[in-house]
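Written below as structure tokens is the structure these notes are about.
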Amino acid sequence: MSMTSLERLMVNVCTDIKELKRVQQDPVSAYRAAGASDYVIECLQRERGSWMSMALTMTRPVPSQSEIDAFVGRMTREDAFFADRLRVEPRRVLERALNTRFPSTTTFDVVEVAGYPTVTVSAPLVHSIVGAGLSPYADADIDVDIDVDVDVDVDVDVDVDIDVDVDAIVDVDVDVDVDVDVDTVVDTDTDTVVDTVVDTDNLGDLSISNAERTHQVIARQWETFWSSHSAYWRSRDDRVRVDA
Amino acid sequence: MTETANAGSLTVIGSGIKSVAHMTLEAKAIIEAADVVLVCSADAVTDAFLRELNPNVEDLHVYYGIDVRRRKTYEAMTARMVEMVRRGKDVAVVFYGHPGVFVDPTFAAINQVREMGRPAVMRPGISAEDCLIADLEIDPAAQGFQTYEATYYLTRRIVIDVRVPLVLWQVALVGDSSYPQGGFDSRNLGFLVSHLQELYGDDHEVVIYEAAQHPLARPRIWPVPLSGLGPEHVTGISTMFVPPKEPAFIDTDLVEAMRSNAPTWQDEQ
């Protein structure tokens, strides 16, 4: 199976430090040159594995229907457990097995205008990524198609933040829950890094025993070690990047 | 399926944590040579790379499910590995991280394949513990190292030494054997935190850690006091590192006794 340009880039940075540094210097340009859309770039820049994987999978070509049918036919004949999983979670199982993400368009009513037919909005929908609890299209410039059956002046902001959860999109009849959420802004609260300096030369009362003196030295070395590490960990505190 | 005589083998390998960057040359060679590659990876880059190395890839992740206990999932994974060997295939099984760390199905499959009289081996990969040691800069040899799966630790009432660094794995999954699609809710984390507070005190600072899954991703290193630790701090891949509460002192009498027991040539130097 051939890789997409973006996948090739992401593999290359794993095996080539010069390439990694090049991408780190200007990731947006590198991702864009590899064909990534603005939304995929946004996901990649979260610098978290789950988001990066989701973004990459979205860029993969979807297998043809005949390929999917052949795969499903073979696996369901060979593996009863797989067949059961496919029955319960068809979309997730197929996307995982085929290393892709199925685009889909679901149309749902948004408003009724008196005297006119219902105005509908069609939006591409993608399953929430496991673990993050957010739709990948939340807070994204989603490509919303507005299908208006008659000439009516409708003012719709296509950049609206929509968190969409869809169950079993493979099924024809889809239950759609639409929530409009305001994204929570995570405060950046960077803790102050405090260097701890321990004077290891001053061992105190010289009348103490060798054993006690040894213990004092050990205790101070111990404190120095862990306070230094604590400061180091705080310097790398990345809570602002926590998903969901 | 018909069993093929005197053919088929199982090689279990780990692809590491940081995507393709952690894959060993040994693992790459095994994947390329295999008849079929059964994969449970944690990232899409590794998936793409594996499928280029060998087109005969099957994804074991499909056996997870929102309505399936993880034990059942592991049994299904094991059955698939064994079945492919039974058909006479040289099977490479790839798990992310180390294939022998937190991976029940690989041990079960190795045992079953050997019972069939077919060869089965495990090759190491870079584990999350390896990443933790590097990212937190902790040397297990310096002050010791205690490491437990969180549910095992809590339910067995394991006795630990608070003078030795402690690592608890899968803290978000404490007492939860399911595979929720929206992520683990850490409903039982409070039991673990309360227990640790009794041992270490409320103010003791622990580190919630998650390794980077790609060179362009970052590890998550989050220091937090036990008194403030809650479900909002952890995800399904979080590990808790608990620094020691106090130092372990040297038995100076024992040290002296061993020193006096040294051979005479050491005194002459």
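Ligands are numbered from 1 in the order shown, residues from 1 within each chain, and chains are lettered A, B, ... in the order they appear in the structure tokens.
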
Per residue of chain B within 8 Å of chain A, record the nearest atom pair and its distance in Å to one decimal, counting only C-alpha atoms, with rows in chain order and ascending residue number, as a Markdown table.
```
| residue | atom | partner | partner_atom | distance |
| --- | --- | --- | --- | --- |
| B:Ser19 | CA | A:Cys14 | CA | 7.4 |
| B:Val20 | CA | A:Cys14 | CA | 5.7 |
| B:Ala21 | CA | A:Cys14 | CA | 4.3 |
| B:Asp43 | CA | A:Ser53 | CA | 5.4 |
| B:Ala44 | CA | A:Ser53 | CA | 4.7 |
| B:Val45 | CA | A:Glu7 | CA | 6.2 |
| B:Thr46 | CA | A:Val11 | CA | 7.9 |
| B:Asp47 | CA | A:Asn99 | CA | 7.3 |
| B:Ala48 | CA | A:Met3 | CA | 6.3 |
| B:Phe49 | CA | A:Val11 | CA | 7.1 |
| B:Arg51 | CA | A:Met1 | CA | 5.7 |
| B:Glu52 | CA | A:Met1 | CA | 5.3 |
| B:Pro55 | CA | A:Met1 | CA | 6.0 |
| B:Glu58 | CA | A:Ala97 | CA | 6.8 |
| B:Asp59 | CA | A:Ala97 | CA | 5.3 |
| B:His61 | CA | A:Arg96 | CA | 7.1 |
| B:Val62 | CA | A:Val93 | CA | 5.2 |
| B:Tyr63 | CA | A:Phe82 | CA | 6.6 |
| B:Gly65 | CA | A:Arg85 | CA | 7.0 |
| B:Ala76 | CA | A:Phe81 | CA | 6.8 |
| B:Arg80 | CA | A:Asp79 | CA | 8.0 |
| B:Leu136 | CA | A:Trp233 | CA | 7.2 |
| B:Glu137 | CA | A:His229 | CA | 7.9 |
| B:Gln181 | CA | A:Val130 | CA | 5.5 |
| B:Gly182 | CA | A:Gly133 | CA | 5.2 |
| B:Gly183 | CA | A:Gly131 | CA | 3.9 |
| B:Phe184 | CA | A:Gly131 | CA | 7.2 |
| B:Val207 | CA | A:Trp233 | CA | 7.9 |
| B:Ala212 | CA | A:Gly49 | CA | 6.9 |
| B:Gln213 | CA | A:Gly49 | CA | 5.1 |
| B:His214 | CA | A:Gly49 | CA | 6.5 |
| B:Pro215 | CA | A:Cys14 | CA | 6.3 |
| B:Leu216 | CA | A:Glu47 | CA | 6.2 |
| B:Ala217 | CA | A:Glu47 | CA | 4.1 |
| B:Arg218 | CA | A:Glu47 | CA | 5.9 |
| B:Arg220 | CA | A:Asp238 | CA | 6.1 |
| B:Ile221 | CA | A:Asp237 | CA | 5.4 |
| B:Trp222 | CA | A:Asp237 | CA | 5.1 |
| B:Pro223 | CA | A:Arg234 | CA | 6.4 |
| B:Thr235 | CA | A:Gly131 | CA | 7.4 |
| B:Gly236 | CA | A:Gly131 | CA | 7.3 |
| B:Pro243 | CA | A:Trp226 | CA | 7.6 |
| B:Pro247 | CA | A:Ala219 | CA | 6.1 |
| B:Phe249 | CA | A:His215 | CA | 6.1 |
| B:Ile250 | CA | A:His215 | CA | 7.2 |
| B:Thr252 | CA | A:Ala211 | CA | 5.9 |
```

Kindly save the residues from that selection, with C-alpha atoms included, as a PDB file, in the first residue's frame.
```pdb
ATOM      1  CA  SER B  19       6.199   5.689  15.913  1.00  0.00           C
ATOM      2  CA  VAL B  20       8.659   4.532  13.268  1.00  0.00           C
ATOM      3  CA  ALA B  21      11.502   6.299  15.088  1.00  0.00           C
ATOM      4  CA  ASP B  43      -0.453   5.542  15.546  1.00  0.00           C
ATOM      5  CA  ALA B  44      -1.265   6.043  11.897  1.00  0.00           C
ATOM      6  CA  VAL B  45       2.325   6.676  10.814  1.00  0.00           C
ATOM      7  CA  THR B  46       3.384   3.238  11.976  1.00  0.00           C
ATOM      8  CA  ASP B  47       0.331   1.744  10.268  1.00  0.00           C
ATOM      9  CA  ALA B  48       1.276   3.324   6.961  1.00  0.00           C
ATOM     10  CA  PHE B  49       4.906   2.277   7.299  1.00  0.00           C
ATOM     11  CA  ARG B  51       1.648  -1.603   5.186  1.00  0.00           C
ATOM     12  CA  GLU B  52       4.395  -0.413   2.875  1.00  0.00           C
ATOM     13  CA  PRO B  55       1.051  -5.489   2.220  1.00  0.00           C
ATOM     14  CA  GLU B  58      -4.201  -7.306   9.451  1.00  0.00           C
ATOM     15  CA  ASP B  59      -5.187  -4.927  12.209  1.00  0.00           C
ATOM     16  CA  HIS B  61      -7.210  -3.348  16.995  1.00  0.00           C
ATOM     17  CA  VAL B  62     -10.555  -4.220  15.424  1.00  0.00           C
ATOM     18  CA  TYR B  63     -11.133  -6.761  18.186  1.00  0.00           C
ATOM     19  CA  GLY B  65     -15.137  -2.851  21.150  1.00  0.00           C
ATOM     20  CA  ALA B  76      -9.747 -13.105  19.989  1.00  0.00           C
ATOM     21  CA  ARG B  80      -6.128 -15.056  15.252  1.00  0.00           C
ATOM     22  CA  LEU B 136      11.963  12.052  33.523  1.00  0.00           C
ATOM     23  CA  GLU B 137      15.684  11.338  33.718  1.00  0.00           C
ATOM     24  CA  GLN B 181     -15.279   4.674  22.992  1.00  0.00           C
ATOM     25  CA  GLY B 182     -15.203   8.117  24.559  1.00  0.00           C
ATOM     26  CA  GLY B 183     -12.155   7.325  26.666  1.00  0.00           C
ATOM     27  CA  PHE B 184     -11.823   6.063  30.202  1.00  0.00           C
ATOM     28  CA  VAL B 207       4.130  13.253  37.837  1.00  0.00           C
ATOM     29  CA  ALA B 212       5.488  11.244  22.835  1.00  0.00           C
ATOM     30  CA  GLN B 213       4.061   9.080  20.074  1.00  0.00           C
ATOM     31  CA  HIS B 214       5.930  10.761  17.245  1.00  0.00           C
ATOM     32  CA  PRO B 215       9.113  12.860  16.922  1.00  0.00           C
ATOM     33  CA  LEU B 216       6.895  15.868  16.149  1.00  0.00           C
ATOM     34  CA  ALA B 217       4.756  15.222  19.236  1.00  0.00           C
ATOM     35  CA  ARG B 218       5.703  16.043  22.785  1.00  0.00           C
ATOM     36  CA  ARG B 220       3.288  14.999  28.604  1.00  0.00           C
ATOM     37  CA  ILE B 221       4.983  15.696  31.918  1.00  0.00           C
ATOM     38  CA  TRP B 222       2.557  17.060  34.460  1.00  0.00           C
ATOM     39  CA  PRO B 223       3.629  17.486  38.111  1.00  0.00           C
ATOM     40  CA  THR B 235      -6.076   9.663  30.026  1.00  0.00           C
ATOM     41  CA  GLY B 236      -5.990   6.027  29.033  1.00  0.00           C
ATOM     42  CA  PRO B 243       9.034  10.139  43.678  1.00  0.00           C
ATOM     43  CA  PRO B 247      15.826   8.820  51.340  1.00  0.00           C
ATOM     44  CA  PHE B 249      19.915   5.463  54.278  1.00  0.00           C
ATOM     45  CA  ILE B 250      22.996   3.295  54.164  1.00  0.00           C
ATOM     46  CA  THR B 252      27.075   1.982  57.689  1.00  0.00           C
TER      47      THR B 252
END
```

- request: Run DSSP on the backbone of this structure and report the residues of region 132-164 of chain B it assigns to alpha helix (DSSP H), as JSON, numbers by chain.
  value: {"B": [132, 133, 134, 135, 136, 140, 141, 142, 143, 150, 151, 152, 153, 154, 155]}

Store the residues picked out above, limited to N, CA and C atoms, as a compact mmCIF listing (two decimals), in the first residue's frame.
```
# COMPACT_ATOMS: atom_id res chain seq x y z
N LEU B 132 9.82 6.76 29.78
CA LEU B 132 9.70 7.45 31.07
C LEU B 132 11.08 7.68 31.69
N ILE B 133 11.90 6.66 31.65
CA ILE B 133 13.24 6.79 32.23
C ILE B 133 14.01 7.91 31.53
N ALA B 134 13.87 7.99 30.21
CA ALA B 134 14.60 9.02 29.46
C ALA B 134 14.00 10.41 29.68
N ASP B 135 12.68 10.52 29.63
CA ASP B 135 12.04 11.84 29.71
C ASP B 135 12.08 12.42 31.13
N LEU B 136 11.91 11.56 32.14
CA LEU B 136 11.96 12.05 33.52
C LEU B 136 13.38 12.01 34.09
N PRO B 140 16.92 3.79 37.15
CA PRO B 140 16.40 2.77 38.07
C PRO B 140 17.48 2.21 38.99
N ALA B 141 18.72 2.30 38.56
CA ALA B 141 19.80 1.76 39.39
C ALA B 141 20.18 2.72 40.52
N ALA B 142 19.82 3.97 40.41
CA ALA B 142 20.27 4.96 41.38
C ALA B 142 19.55 4.84 42.71
N GLN B 143 18.24 4.76 42.67
CA GLN B 143 17.47 4.71 43.91
C GLN B 143 16.43 3.59 43.89
N ALA B 150 -1.74 -0.36 37.86
CA ALA B 150 -2.43 0.31 38.97
C ALA B 150 -3.51 -0.57 39.61
N THR B 151 -4.31 -1.25 38.82
CA THR B 151 -5.36 -2.09 39.39
C THR B 151 -4.77 -3.24 40.19
N TYR B 152 -3.74 -3.84 39.64
CA TYR B 152 -3.06 -4.94 40.36
C TYR B 152 -2.52 -4.42 41.68
N TYR B 153 -1.85 -3.29 41.63
CA TYR B 153 -1.25 -2.72 42.84
C TYR B 153 -2.30 -2.47 43.92
N LEU B 154 -3.41 -1.89 43.52
CA LEU B 154 -4.43 -1.49 44.50
C LEU B 154 -5.18 -2.70 45.05
N THR B 155 -5.59 -3.59 44.15
CA THR B 155 -6.45 -4.70 44.59
C THR B 155 -5.69 -5.79 45.33
```

- request: Quick one: everything within 9 Å of Glu32 (chain B), counting only C-alpha atoms, minus sequence neighbours fewer than 6 positions away in the same chain. Send it as a list in words.
  value: Leu50, Leu53 and Asn54 of chain B

Residues as selected, all heavy atoms, written as a compact mmCIF listing (two decimals), in the first residue's frame, can you do that?
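Saved to again-v4.txt:
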```
# COMPACT_ATOMS: atom_id res chain seq x y z
N LEU B 50 4.11 0.13 8.12
CA LEU B 50 4.02 -1.34 8.12
C LEU B 50 3.39 -1.85 6.84
O LEU B 50 3.83 -2.85 6.26
CB LEU B 50 3.19 -1.80 9.32
CG LEU B 50 3.81 -1.62 10.70
CD1 LEU B 50 2.83 -2.04 11.79
CD2 LEU B 50 5.09 -2.41 10.82
N LEU B 53 5.91 -1.82 4.18
CA LEU B 53 6.91 -2.88 4.32
C LEU B 53 6.34 -4.22 3.89
O LEU B 53 7.04 -5.06 3.31
CB LEU B 53 7.36 -2.99 5.78
CG LEU B 53 8.23 -1.88 6.36
CD1 LEU B 53 8.58 -2.20 7.81
CD2 LEU B 53 9.51 -1.72 5.55
N ASN B 54 5.07 -4.45 4.22
CA ASN B 54 4.46 -5.74 3.92
C ASN B 54 2.96 -5.53 3.69
O ASN B 54 2.25 -5.13 4.62
CB ASN B 54 4.69 -6.71 5.09
CG ASN B 54 4.31 -8.14 4.75
OD1 ASN B 54 3.34 -8.38 4.03
ND2 ASN B 54 5.08 -9.08 5.26
```

- request: Excluding Ala79 (chain B) and any residue of its chain fewer than 2 positions from it, enumerate the residues within 10 Å of it, using only C-alpha atoms, and give them as a ChimeraX atom specification.
  value: /A:79,81 /B:73-77,81-84,105,108-109,112

message: What's the separation between CA of Trp169 (chain B) and CA of Val93 (chain B), in Å to one decimal place?
response: 23.1 Å

task: Taking the chain letters and numbering used in this document, name the residues of region 40-253 of chain B that DSSP puts in strand (DSSP E), as an MDAnalysis selection string.
output: chainID B and resid 40 57:59 90:95 120:122 146:149 166:169 205:210 220:225 239:242

Requested write-out: C-alpha atoms of the selected residues, as a PDB file, in the first residue's frame:
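Result written to selection_25.pdb:
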```
ATOM      1  CA  CYS B  40      -1.896  -3.578  17.068  1.00  0.00           C
ATOM      2  CA  VAL B  57      -1.221  -6.614   7.211  1.00  0.00           C
ATOM      3  CA  GLU B  58      -4.201  -7.306   9.451  1.00  0.00           C
ATOM      4  CA  ASP B  59      -5.187  -4.927  12.209  1.00  0.00           C
ATOM      5  CA  ASP B  90       5.299 -17.250   9.126  1.00  0.00           C
ATOM      6  CA  VAL B  91       3.501 -14.712  11.252  1.00  0.00           C
ATOM      7  CA  ALA B  92       4.907 -11.459  12.589  1.00  0.00           C
ATOM      8  CA  VAL B  93       2.851  -9.927  15.362  1.00  0.00           C
ATOM      9  CA  VAL B  94       3.514  -6.258  16.027  1.00  0.00           C
ATOM     10  CA  PHE B  95       2.402  -4.493  19.181  1.00  0.00           C
ATOM     11  CA  ALA B 120       7.508 -18.944  18.634  1.00  0.00           C
ATOM     12  CA  VAL B 121       9.759 -16.180  19.917  1.00  0.00           C
ATOM     13  CA  MET B 122       9.481 -12.644  21.287  1.00  0.00           C
ATOM     14  CA  GLN B 146       9.010  -0.177  41.865  1.00  0.00           C
ATOM     15  CA  THR B 147       6.567  -0.671  39.034  1.00  0.00           C
ATOM     16  CA  TYR B 148       2.993  -1.989  39.050  1.00  0.00           C
ATOM     17  CA  GLU B 149      -0.121  -1.953  36.958  1.00  0.00           C
ATOM     18  CA  LEU B 166       7.169   4.071  42.261  1.00  0.00           C
ATOM     19  CA  VAL B 167       5.666   3.791  38.781  1.00  0.00           C
ATOM     20  CA  LEU B 168       1.967   2.989  38.391  1.00  0.00           C
ATOM     21  CA  TRP B 169       0.672   2.132  34.924  1.00  0.00           C
ATOM     22  CA  GLU B 205       3.959  15.729  44.218  1.00  0.00           C
ATOM     23  CA  VAL B 206       3.625  13.030  41.579  1.00  0.00           C
ATOM     24  CA  VAL B 207       4.130  13.253  37.837  1.00  0.00           C
ATOM     25  CA  ILE B 208       1.498  12.262  35.303  1.00  0.00           C
ATOM     26  CA  TYR B 209       3.415  11.108  32.274  1.00  0.00           C
ATOM     27  CA  GLU B 210       2.625  10.213  28.682  1.00  0.00           C
ATOM     28  CA  ARG B 220       3.288  14.999  28.604  1.00  0.00           C
ATOM     29  CA  ILE B 221       4.983  15.696  31.918  1.00  0.00           C
ATOM     30  CA  TRP B 222       2.557  17.060  34.460  1.00  0.00           C
ATOM     31  CA  PRO B 223       3.629  17.486  38.111  1.00  0.00           C
ATOM     32  CA  VAL B 224       0.646  17.590  40.444  1.00  0.00           C
ATOM     33  CA  PRO B 225       0.226  17.125  44.224  1.00  0.00           C
ATOM     34  CA  THR B 239       1.384   6.703  33.855  1.00  0.00           C
ATOM     35  CA  MET B 240       1.925   7.980  37.382  1.00  0.00           C
ATOM     36  CA  PHE B 241       5.450   8.447  38.649  1.00  0.00           C
ATOM     37  CA  VAL B 242       5.703   8.791  42.424  1.00  0.00           C
TER      38      VAL B 242
END
```

message: Residues within 8 Å of region 22-27 of chain B, please, as a PyMOL selection string. Count only C-alpha atoms; anything in the same chain fewer than 4 positions from it doesn't count.
response: chain B and resi 13-18+31+123+125-126

Write a file of the selected residues as a CSV table (one decimal), in the first residue's frame, keeping C-alpha atoms.
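Contents of out_25.csv, as written:
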```
chain,number,residue,atom,x,y,z
B,13,ILE,CA,7.9,-7.9,18.1
B,14,GLY,CA,7.4,-4.4,19.4
B,15,SER,CA,7.3,-1.3,17.3
B,16,GLY,CA,8.2,1.1,20.1
B,17,ILE,CA,6.3,4.1,21.3
B,18,LYS,CA,7.6,7.0,19.2
B,31,ILE,CA,8.1,-7.6,9.2
B,123,ARG,CA,11.8,-9.8,20.3
B,125,GLY,CA,10.8,-3.1,21.6
B,126,ILE,CA,11.2,0.2,23.2
```
